[in-house]
Every structure is written in structure tokens, then in C-alpha cells.
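**Q** So that you have it, the file is final_23.cif, and it contains mmCIF, C-alpha atoms and all ligand atoms:
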```cif
data_coords
loop_
_atom_site.label_atom_id
_atom_site.label_comp_id
_atom_site.auth_asym_id
_atom_site.auth_seq_id
_atom_site.Cartn_x
_atom_site.Cartn_y
_atom_site.Cartn_z
CA MET A 4 91.33 144.99 133.65
CA LYS A 5 91.74 143.80 130.05
CA PRO A 6 94.97 144.83 128.34
CA SER A 7 94.38 147.43 125.65
CA LEU A 8 95.18 146.48 122.07
CA GLN A 9 94.98 150.08 120.93
CA ASN A 10 98.18 151.89 120.15
CA ALA A 11 98.65 155.64 120.56
CA GLU A 12 97.21 156.34 117.08
CA GLY A 13 94.09 154.34 117.84
CA GLY A 14 95.04 151.46 115.48
CA LEU A 15 95.51 147.86 116.50
CA GLN A 16 99.06 147.19 117.58
CA ALA A 17 99.11 143.78 115.94
CA SER A 18 98.53 144.94 112.38
CA SER A 19 100.15 147.50 110.15
CA PRO A 20 97.70 150.12 108.89
CA LYS A 21 99.41 149.93 105.48
CA ILE A 22 98.56 146.24 104.89
CA ALA A 23 95.02 144.98 104.26
CA LYS A 24 93.79 142.17 106.51
CA VAL A 25 94.30 138.74 104.95
CA THR A 26 92.90 135.50 106.31
CA ILE A 27 93.40 131.96 105.05
CA GLU A 28 91.24 128.87 105.17
CA TRP A 29 93.94 126.28 105.65
CA PHE A 30 92.34 123.15 104.19
CA SER A 31 90.48 124.61 101.20
CA GLY A 32 93.34 126.91 100.23
CA LYS A 33 91.05 129.92 100.23
CA MET A 34 92.59 133.34 100.86
CA ASN A 35 90.40 136.25 101.84
CA GLY A 36 91.08 139.93 101.79
CA LEU A 37 92.93 142.23 99.48
CA PRO A 38 95.33 142.30 97.76
CA ILE A 39 95.38 138.69 96.56
CA GLN A 40 96.82 137.98 93.13
CA GLU A 41 95.86 135.06 90.95
CA SER A 42 97.29 133.21 87.99
CA VAL A 43 95.45 130.44 86.14
CA LYS A 44 97.26 127.94 83.93
CA LYS A 45 95.18 126.16 81.31
CA LEU A 46 96.21 123.43 78.89
CA SER A 47 96.74 126.18 76.31
CA ASP A 48 99.48 127.69 78.51
CA LEU A 49 101.39 124.42 78.80
CA HIS A 50 102.37 123.63 75.23
CA GLN A 51 105.60 121.61 74.86
CA ILE A 52 105.58 120.83 78.59
CA PHE A 53 104.01 117.36 78.47
CA LEU A 54 105.71 114.53 76.61
CA ASP A 55 102.72 113.86 74.33
CA GLU A 56 102.22 117.27 72.75
CA ALA A 57 99.72 115.86 70.23
CA ALA A 58 97.55 114.58 73.10
CA ARG A 59 97.69 117.98 74.83
CA ALA A 60 96.79 119.79 71.60
CA SER A 61 93.77 117.51 71.07
CA MET A 62 92.28 118.30 74.53
CA ASP A 63 90.04 121.20 75.55
CA GLN A 64 92.51 124.10 75.65
CA ASP A 65 90.36 125.93 78.19
CA GLN A 66 90.71 123.15 80.74
CA GLU A 67 92.27 124.53 83.91
CA VAL A 68 95.32 122.60 85.09
CA TYR A 69 96.21 124.74 88.11
CA ARG A 70 95.70 128.05 89.78
CA VAL A 71 98.00 130.00 92.08
CA ARG A 72 96.75 132.66 94.51
CA TRP A 73 99.23 134.65 96.51
CA TRP A 74 99.70 137.58 98.77
CA ALA A 75 102.51 139.94 97.83
CA PRO A 76 102.75 142.40 100.71
CA VAL A 77 105.81 143.95 99.04
CA PRO A 78 106.58 144.39 95.32
CA PRO A 79 108.28 141.53 93.45
CA GLY A 80 112.03 141.95 93.60
CA ASP A 81 111.99 143.65 97.01
CA GLU A 82 114.98 142.29 98.88
CA GLY A 83 114.24 140.23 101.99
CA GLY A 84 110.43 140.16 101.74
CA LEU A 85 108.23 137.05 101.67
CA PHE A 86 105.28 135.98 99.55
CA TRP A 87 102.62 133.56 100.73
CA GLY A 88 100.53 131.57 98.28
CA VAL A 89 98.57 128.47 97.47
CA THR A 90 98.45 126.28 94.38
CA THR A 91 95.45 124.14 93.46
CA LEU A 92 96.53 121.52 90.93
CA ASN A 93 93.68 119.59 89.35
CA PRO A 94 93.75 115.83 88.75
CA GLY A 95 94.06 114.67 85.17
CA LYS A 96 96.45 113.36 82.56
CA VAL A 97 97.84 114.32 79.17
CA GLY A 98 98.25 110.94 77.52
CA ASP A 99 99.89 108.87 80.27
CA GLU A 100 101.42 111.85 82.04
CA TYR A 101 99.81 113.30 85.16
CA PHE A 102 98.83 116.96 85.37
CA MET A 103 101.70 119.04 86.73
CA THR A 104 102.92 122.57 87.16
CA HIS A 105 105.17 124.14 84.54
CA GLY A 106 108.11 124.02 86.95
CA HIS A 107 110.84 126.58 87.46
CA SER A 108 114.00 127.55 89.25
CA HIS A 109 114.22 130.78 91.11
CA ALA A 110 115.90 133.49 89.05
CA ASN A 111 117.87 134.24 92.21
CA ARG A 112 119.33 130.82 93.00
CA THR A 113 120.04 131.79 96.61
CA ARG A 114 116.33 132.10 97.45
CA ALA A 115 114.68 129.06 99.05
CA GLU A 116 111.01 128.18 99.52
CA TYR A 117 108.67 126.05 101.64
CA TYR A 118 105.84 123.90 100.26
CA THR A 119 103.27 122.11 102.42
CA PRO A 120 100.21 120.26 101.08
CA VAL A 121 96.85 120.28 102.85
CA SER A 122 94.81 118.15 100.47
CA GLY A 123 95.43 115.56 97.76
CA ASN A 124 98.31 113.38 96.79
CA GLY A 125 101.29 114.28 94.67
CA LEU A 126 104.96 114.15 93.88
CA LEU A 127 107.43 116.98 94.16
CA ILE A 128 110.01 116.71 91.40
CA ARG A 129 113.29 118.37 92.28
CA MET A 130 116.36 118.80 90.12
CA ASP A 131 119.78 120.10 91.09
CA GLU A 132 122.14 122.07 88.89
CA ARG A 133 123.72 118.87 87.51
CA ARG A 134 120.22 117.75 86.40
CA VAL A 135 120.10 115.03 89.06
CA THR A 136 116.32 114.63 89.51
CA TRP A 137 114.30 112.94 92.25
CA ALA A 138 110.76 112.81 93.60
CA GLU A 139 109.33 113.35 97.08
CA GLU A 140 105.86 112.28 98.13
CA MET A 141 103.49 115.15 98.85
CA MET A 142 100.47 114.57 101.06
CA PRO A 143 98.75 116.50 103.84
CA GLY A 144 101.32 117.11 106.54
CA THR A 145 104.53 116.75 104.52
CA LEU A 146 106.78 119.80 104.61
CA HIS A 147 109.25 120.49 101.81
CA TYR A 148 112.18 122.85 102.00
CA LEU A 149 113.29 123.79 98.50
CA ARG A 150 116.87 124.91 98.26
CA GLY A 151 117.23 127.99 96.09
CA GLU A 152 119.30 126.21 93.48
CA HIS A 153 116.81 123.36 92.94
CA ALA A 154 114.30 123.45 90.09
CA HIS A 155 110.87 122.31 91.30
CA ARG A 156 107.64 120.99 89.80
CA VAL A 157 104.56 119.41 91.40
CA VAL A 158 102.63 116.48 89.92
CA ASN A 159 99.12 115.44 90.96
CA ILE A 160 99.04 111.63 91.10
CA GLY A 161 95.64 111.39 92.83
CA ASP A 162 91.97 111.80 91.92
CA GLU A 163 91.41 114.98 93.95
CA PRO A 164 92.81 118.49 93.57
CA LEU A 165 96.24 118.76 95.16
CA ILE A 166 96.36 121.90 97.31
CA PHE A 167 99.65 123.13 98.75
CA TRP A 168 100.73 126.30 100.48
CA ALA A 169 104.05 127.93 99.72
CA CYS A 170 106.22 130.66 101.19
CA TRP A 171 108.99 132.15 99.08
CA GLY A 172 111.17 135.21 98.82
CA SER A 173 109.83 138.32 97.13
CA ASP A 174 113.22 138.57 95.40
CA ALA A 175 113.30 134.89 94.32
CA GLY A 176 111.89 135.56 90.85
CA TYR A 177 111.21 132.85 88.27
CA ASP A 178 113.35 131.18 85.65
CA TYR A 179 110.86 129.32 83.44
CA GLY A 180 113.01 129.41 80.30
CA THR A 181 115.52 126.77 81.40
CA ILE A 182 112.76 124.26 82.15
CA ARG A 183 110.88 125.10 78.96
CA GLU A 184 114.05 124.46 76.96
CA HIS A 185 115.57 121.46 78.76
CA GLY A 186 112.81 120.04 80.97
CA PHE A 187 113.48 118.00 84.12
CA GLY A 188 115.55 114.83 84.27
CA ALA A 189 112.42 112.70 84.88
CA ARG A 190 108.69 112.60 84.17
CA VAL A 191 105.82 111.03 86.09
CA MET A 192 103.81 108.68 83.89
CA GLU A 193 101.09 106.14 84.58
CA ARG A 194 102.42 102.61 84.16
CA ASP A 195 100.16 99.60 84.89
CA GLY A 196 97.74 101.92 86.66
CA LEU A 197 100.37 103.40 88.99
CA PRO A 198 102.56 106.50 88.89
CA ALA A 199 106.15 105.84 87.83
CA VAL A 200 109.07 108.26 87.77
CA ILE A 201 110.69 107.73 84.39
CA PRO A 202 114.03 109.19 83.25
CA ASN A 203 113.48 111.82 80.57
CA GLU A 204 115.98 110.86 77.86
C1 LIG A 301 106.77 130.11 93.78
C2 LIG A 301 106.34 128.71 93.61
C3 LIG A 301 104.87 128.37 93.47
C4 LIG A 301 104.64 128.06 91.97
C5 LIG A 301 103.26 127.48 91.66
C6 LIG A 301 103.05 127.24 90.16
O1 LIG A 301 108.16 130.20 93.78
O2 LIG A 301 107.15 127.82 93.51
O3 LIG A 301 104.02 129.36 93.90
O4 LIG A 301 104.85 129.26 91.24
O5 LIG A 301 103.11 126.26 92.32
O6 LIG A 301 104.13 126.58 89.55
P1 LIG A 301 104.90 127.24 88.33
O7 LIG A 301 105.38 128.59 88.80
O8 LIG A 301 106.04 126.32 88.03
O9 LIG A 301 103.93 127.41 87.21
MN MN A 302 109.31 128.36 93.50
#
```
Could you write out this file's structure as C-alpha cells?
**A**
Amino acid sequence: MKPSLQNAEGGLQASSPKIAKVTIEWFSGKMNGLPIQESVKKLSDLHQIFLDEAARASMDQDQEVYRVRWWAPVPPGDEGGLFWGVTTLNPGKVGDEYFMTHGHSHANRTRAEYYTPVSGNGLLIRMDERRVTWAEEMMPGTLHYLRGEHAHRVVNIGDEPLIFWACWGSDAGYDYGTIREHGFGARVMERDGLPAVIPNE
């Protein structure tokens, strides 16, 4: 006899009736089912982020740099919950600088995060509270544990979209202001046809 998956109320034991069914397509980064949220960052949203602001301003402002889709099963700020999301970062450059995310720290510096890419080729730029900055290679299969106190930014150094999944705390929050004001300690620029991590003096 097959074991029954029905609970006493007639619902499936494995899923909460309060949460809509969500499925993911691992390699394309597609998320299906409600309630998925989405944020699109275009060149117009990234003023003063790239070194060559004049180059950025001269490009098509509607050009999409990246898109984040995530599932927030609990409200932002809820203590102890988890969000699950995916970022698709397009290839491209502003002047000599590769397309990248804005970058942030978590408003709550005790909240960590995982990143894992499934497609493309990139660098994860991390910076500690003393502004010591370093880069880690991102490619399908690498797994990155981001300590809560580290600022983080992702750079696409390839020719394909860089797709990475992330899991972070619902009470992590975002501190974008510090990065907008002070930036990271290094930038990733093309030098002699190759990506180079260059101190940001
Ligand atoms: C969440 C997280 C990612 C980023 C996303 C876009 O804590 O780190 O979901 O939010 O990769 O980058 P930002 O937020 O820097 O624009
Ligand atoms: Mn984060």
C-alpha cells in the first residue's frame, strides 16, 4: 500500500497551505509561481557607480545591466527568515570597466548570505570593514559564503550573462549608501584584453 501524503485537513503534508508553490529552473535562473518579486537595474540606475561616468552617461540609459528575482516567503525585516533569489548580470562594459552590480553591505552586519553561480563567468568583489578588498572567481559550481560584515559586488567578466543564486536573511536589509559614497577598495577593468583587479585610489 502506498503511503498517504494527505494530512488530516486533506492538504499535502509537505507544503504549507499559506505559501504558494514555487519551482526553480536551476540553470536558466527561472523561478515559477507566485509571489516572485523582481528588480531591474538599468544604466540609468547606476550613475556614479562606474569609474567613467561620462561613458555611462553617453550609453543607452535603458540598457539593462542586471535583474534580480526573489522569493520572499516572509516580509522583509522578519527575524530569522530566509529569502531565495537569482541575479542575471548581463555582459558589457562602461568604458574599460565590466558590468557589475551596485554592491552593498547588509544593514544588519550579522546576517550572512550564500551565492552560487550556474552560468557565466565572474568575479565576486568582497570588502571587509577596514576596506580590505579582494576578488573570488565565480563560475558554475563555485559556492561563496558571504560573512555579514563584508560588502559584496559581482562583476561579469565573460561574454554570457552571469547567473547566480543567492540565499540571504529576511532581516539582512541593504546598506547601499556606504558603497555609493565610498565605493569598494578595487575595481575590475579590462587591461590588455583581460580583466584586472585595480586598486581604487
Ligand atoms: C541580497 C544580495 C543579492 C543582490 C543582487 C543585486 O542580499 O546580495 O540578491 O541584491 O545580486 O545586487 P545589488 O543589491 O548590490 O544591486
Ligand atoms: Mn547581499
**Q** Considering all atoms listed in the file, can you say which of A:Gly106, A:Pro202, A:Gly188, A:Pro143 comes closest to ligand LIG 301 (chain A)?
**A** A:Gly106
**Q** I'd like the interatomic distance between atom C6 of ligand LIG 301 (chain A) and atom CA of A:Asp63, to a tenth of an Å.
**A**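 Taking atom C6 of ligand LIG 301 (chain A) as the start and atom CA of A:Asp63 as the end point, the length is 20.5 Å.
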**Q** Pick the closest to ligand MN 302 (chain A) from A:Glu116, A:Glu193, A:Glu140, A:Asp178: which is it, counting all atoms listed in the file?
**A** A:Glu116
**Q** Hey, which residues come within 9 Å of ligand MN 302 (chain A) if we count all atoms listed in the file? Could you give them as a short mmCIF file (atom, residue, chain, number, x, y, z; two decimals) with C-alpha atoms, in the frame of the given file?
**A**
```cif
data_model
loop_
_atom_site.label_atom_id
_atom_site.label_comp_id
_atom_site.auth_asym_id
_atom_site.auth_seq_id
_atom_site.Cartn_x
_atom_site.Cartn_y
_atom_site.Cartn_z
CA GLY A 106 108.11 124.02 86.95
CA HIS A 107 110.84 126.58 87.46
CA SER A 108 114.00 127.55 89.25
CA HIS A 109 114.22 130.78 91.11
CA ARG A 114 116.33 132.10 97.45
CA ALA A 115 114.68 129.06 99.05
CA GLU A 116 111.01 128.18 99.52
CA TYR A 117 108.67 126.05 101.64
CA TYR A 118 105.84 123.90 100.26
CA LEU A 149 113.29 123.79 98.50
CA GLY A 151 117.23 127.99 96.09
CA ALA A 154 114.30 123.45 90.09
CA HIS A 155 110.87 122.31 91.30
CA ARG A 156 107.64 120.99 89.80
CA ALA A 169 104.05 127.93 99.72
CA CYS A 170 106.22 130.66 101.19
CA TRP A 171 108.99 132.15 99.08
CA GLY A 172 111.17 135.21 98.82
CA ALA A 175 113.30 134.89 94.32
CA GLY A 176 111.89 135.56 90.85
CA TYR A 177 111.21 132.85 88.27
#
```
**Q** Tell me, as a list in words, which residues lie within 12 Å of A:Arg194, counting only C-alpha atoms; anything in the same chain fewer than 2 positions away does not count.
**A**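 Surrounding residues, per the criterion: Gly98, Asp99, Glu100, Tyr101, Ile160, Arg190, Val191, Met192, Gly196, Leu197, Pro198, Ala199, Val200 and Ile201 of chain A.
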**Q** Neighbourhood query: residues within 10 Å of (102.7, 117.2, 78.4), file coordinates, counting all atoms listed in the file; return as a PyMOL selection string.
**A** chain A and resi 46+49-60+96-103+105+190
**Q** Which one is closest to A:Pro76: A:Gln40, A:Ser122, A:Thr181, A:Thr113? Count only C-alpha atoms.
**A** A:Gln40
**Q** Give, as AutoDock Vina command-line options, the centre coordinates and the x, y and z edge lengths in Å to one decimal for an axis-aligned box around all listed atoms of ligand LIG 301 (chain A), padded by 3 Å on each side.
**A**
```
--center_x 105.6 --center_y 128.2 --center_z 90.6 --size_x 11.1 --size_y 9.9 --size_z 12.7
```
**Q** In terms of the shortest atom-to-atom distance over only C-alpha atoms, which of A:Ile128, A:Ile27, A:Ala75, A:Leu37 is closest to A:Ala189?
**A**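 Of A:Ile128, A:Ile27, A:Ala75, A:Leu37, the one nearest A:Ala189, counting only C-alpha atoms, is A:Ile128.
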**Q** Rebuild N, CA and C atoms on stretch 136-159 of chain A, as a compact mmCIF listing (two decimals), in the frame of the given file?
**A**
```
# COMPACT_ATOMS: atom_id res chain seq x y z
N THR A 136 117.75 114.39 89.27
CA THR A 136 116.32 114.63 89.51
C THR A 136 115.76 113.54 90.42
N TRP A 137 114.93 113.93 91.37
CA TRP A 137 114.30 112.94 92.25
C TRP A 137 112.92 113.43 92.65
N ALA A 138 112.15 112.51 93.25
CA ALA A 138 110.76 112.81 93.60
C ALA A 138 110.55 112.62 95.09
N GLU A 139 109.73 113.49 95.68
CA GLU A 139 109.33 113.35 97.08
C GLU A 139 107.82 113.27 97.13
N GLU A 140 107.30 112.39 97.97
CA GLU A 140 105.86 112.28 98.13
C GLU A 140 105.30 113.54 98.78
N MET A 141 104.20 114.01 98.25
CA MET A 141 103.49 115.15 98.85
C MET A 141 102.11 114.67 99.29
N MET A 142 101.80 114.89 100.54
CA MET A 142 100.47 114.57 101.06
C MET A 142 100.25 115.47 102.27
N PRO A 143 99.00 115.59 102.73
CA PRO A 143 98.75 116.50 103.84
C PRO A 143 99.70 116.22 105.00
N GLY A 144 100.41 117.24 105.41
CA GLY A 144 101.32 117.11 106.54
C GLY A 144 102.79 117.06 106.15
N THR A 145 103.10 116.74 104.89
CA THR A 145 104.53 116.75 104.52
C THR A 145 104.98 118.19 104.32
N LEU A 146 106.22 118.44 104.70
CA LEU A 146 106.78 119.80 104.61
C LEU A 146 108.05 119.71 103.77
N HIS A 147 108.16 120.58 102.78
CA HIS A 147 109.25 120.49 101.81
C HIS A 147 110.03 121.80 101.78
N TYR A 148 111.30 121.69 102.08
CA TYR A 148 112.18 122.85 102.00
C TYR A 148 112.92 122.78 100.67
N LEU A 149 112.68 123.77 99.83
CA LEU A 149 113.29 123.79 98.50
C LEU A 149 114.51 124.69 98.52
N ARG A 150 115.66 124.08 98.33
CA ARG A 150 116.87 124.91 98.26
C ARG A 150 116.77 125.83 97.04
N GLY A 151 117.34 127.00 97.16
CA GLY A 151 117.23 127.99 96.09
C GLY A 151 117.72 127.51 94.75
N GLU A 152 118.72 126.62 94.75
CA GLU A 152 119.30 126.21 93.48
C GLU A 152 118.59 125.02 92.84
N HIS A 153 117.53 124.51 93.49
CA HIS A 153 116.81 123.36 92.94
C HIS A 153 115.60 123.79 92.12
N ALA A 154 115.53 123.27 90.88
CA ALA A 154 114.30 123.45 90.09
C ALA A 154 113.21 122.60 90.74
N HIS A 155 111.96 123.05 90.65
CA HIS A 155 110.87 122.31 91.30
C HIS A 155 109.60 122.33 90.46
N ARG A 156 108.91 121.20 90.53
CA ARG A 156 107.64 120.99 89.80
C ARG A 156 106.79 120.08 90.66
N VAL A 157 105.47 120.25 90.62
CA VAL A 157 104.56 119.41 91.40
C VAL A 157 103.64 118.65 90.45
N VAL A 158 103.45 117.36 90.75
CA VAL A 158 102.63 116.48 89.92
C VAL A 158 101.49 115.94 90.77
N ASN A 159 100.26 116.00 90.24
CA ASN A 159 99.12 115.44 90.96
C ASN A 159 98.92 113.99 90.53
```
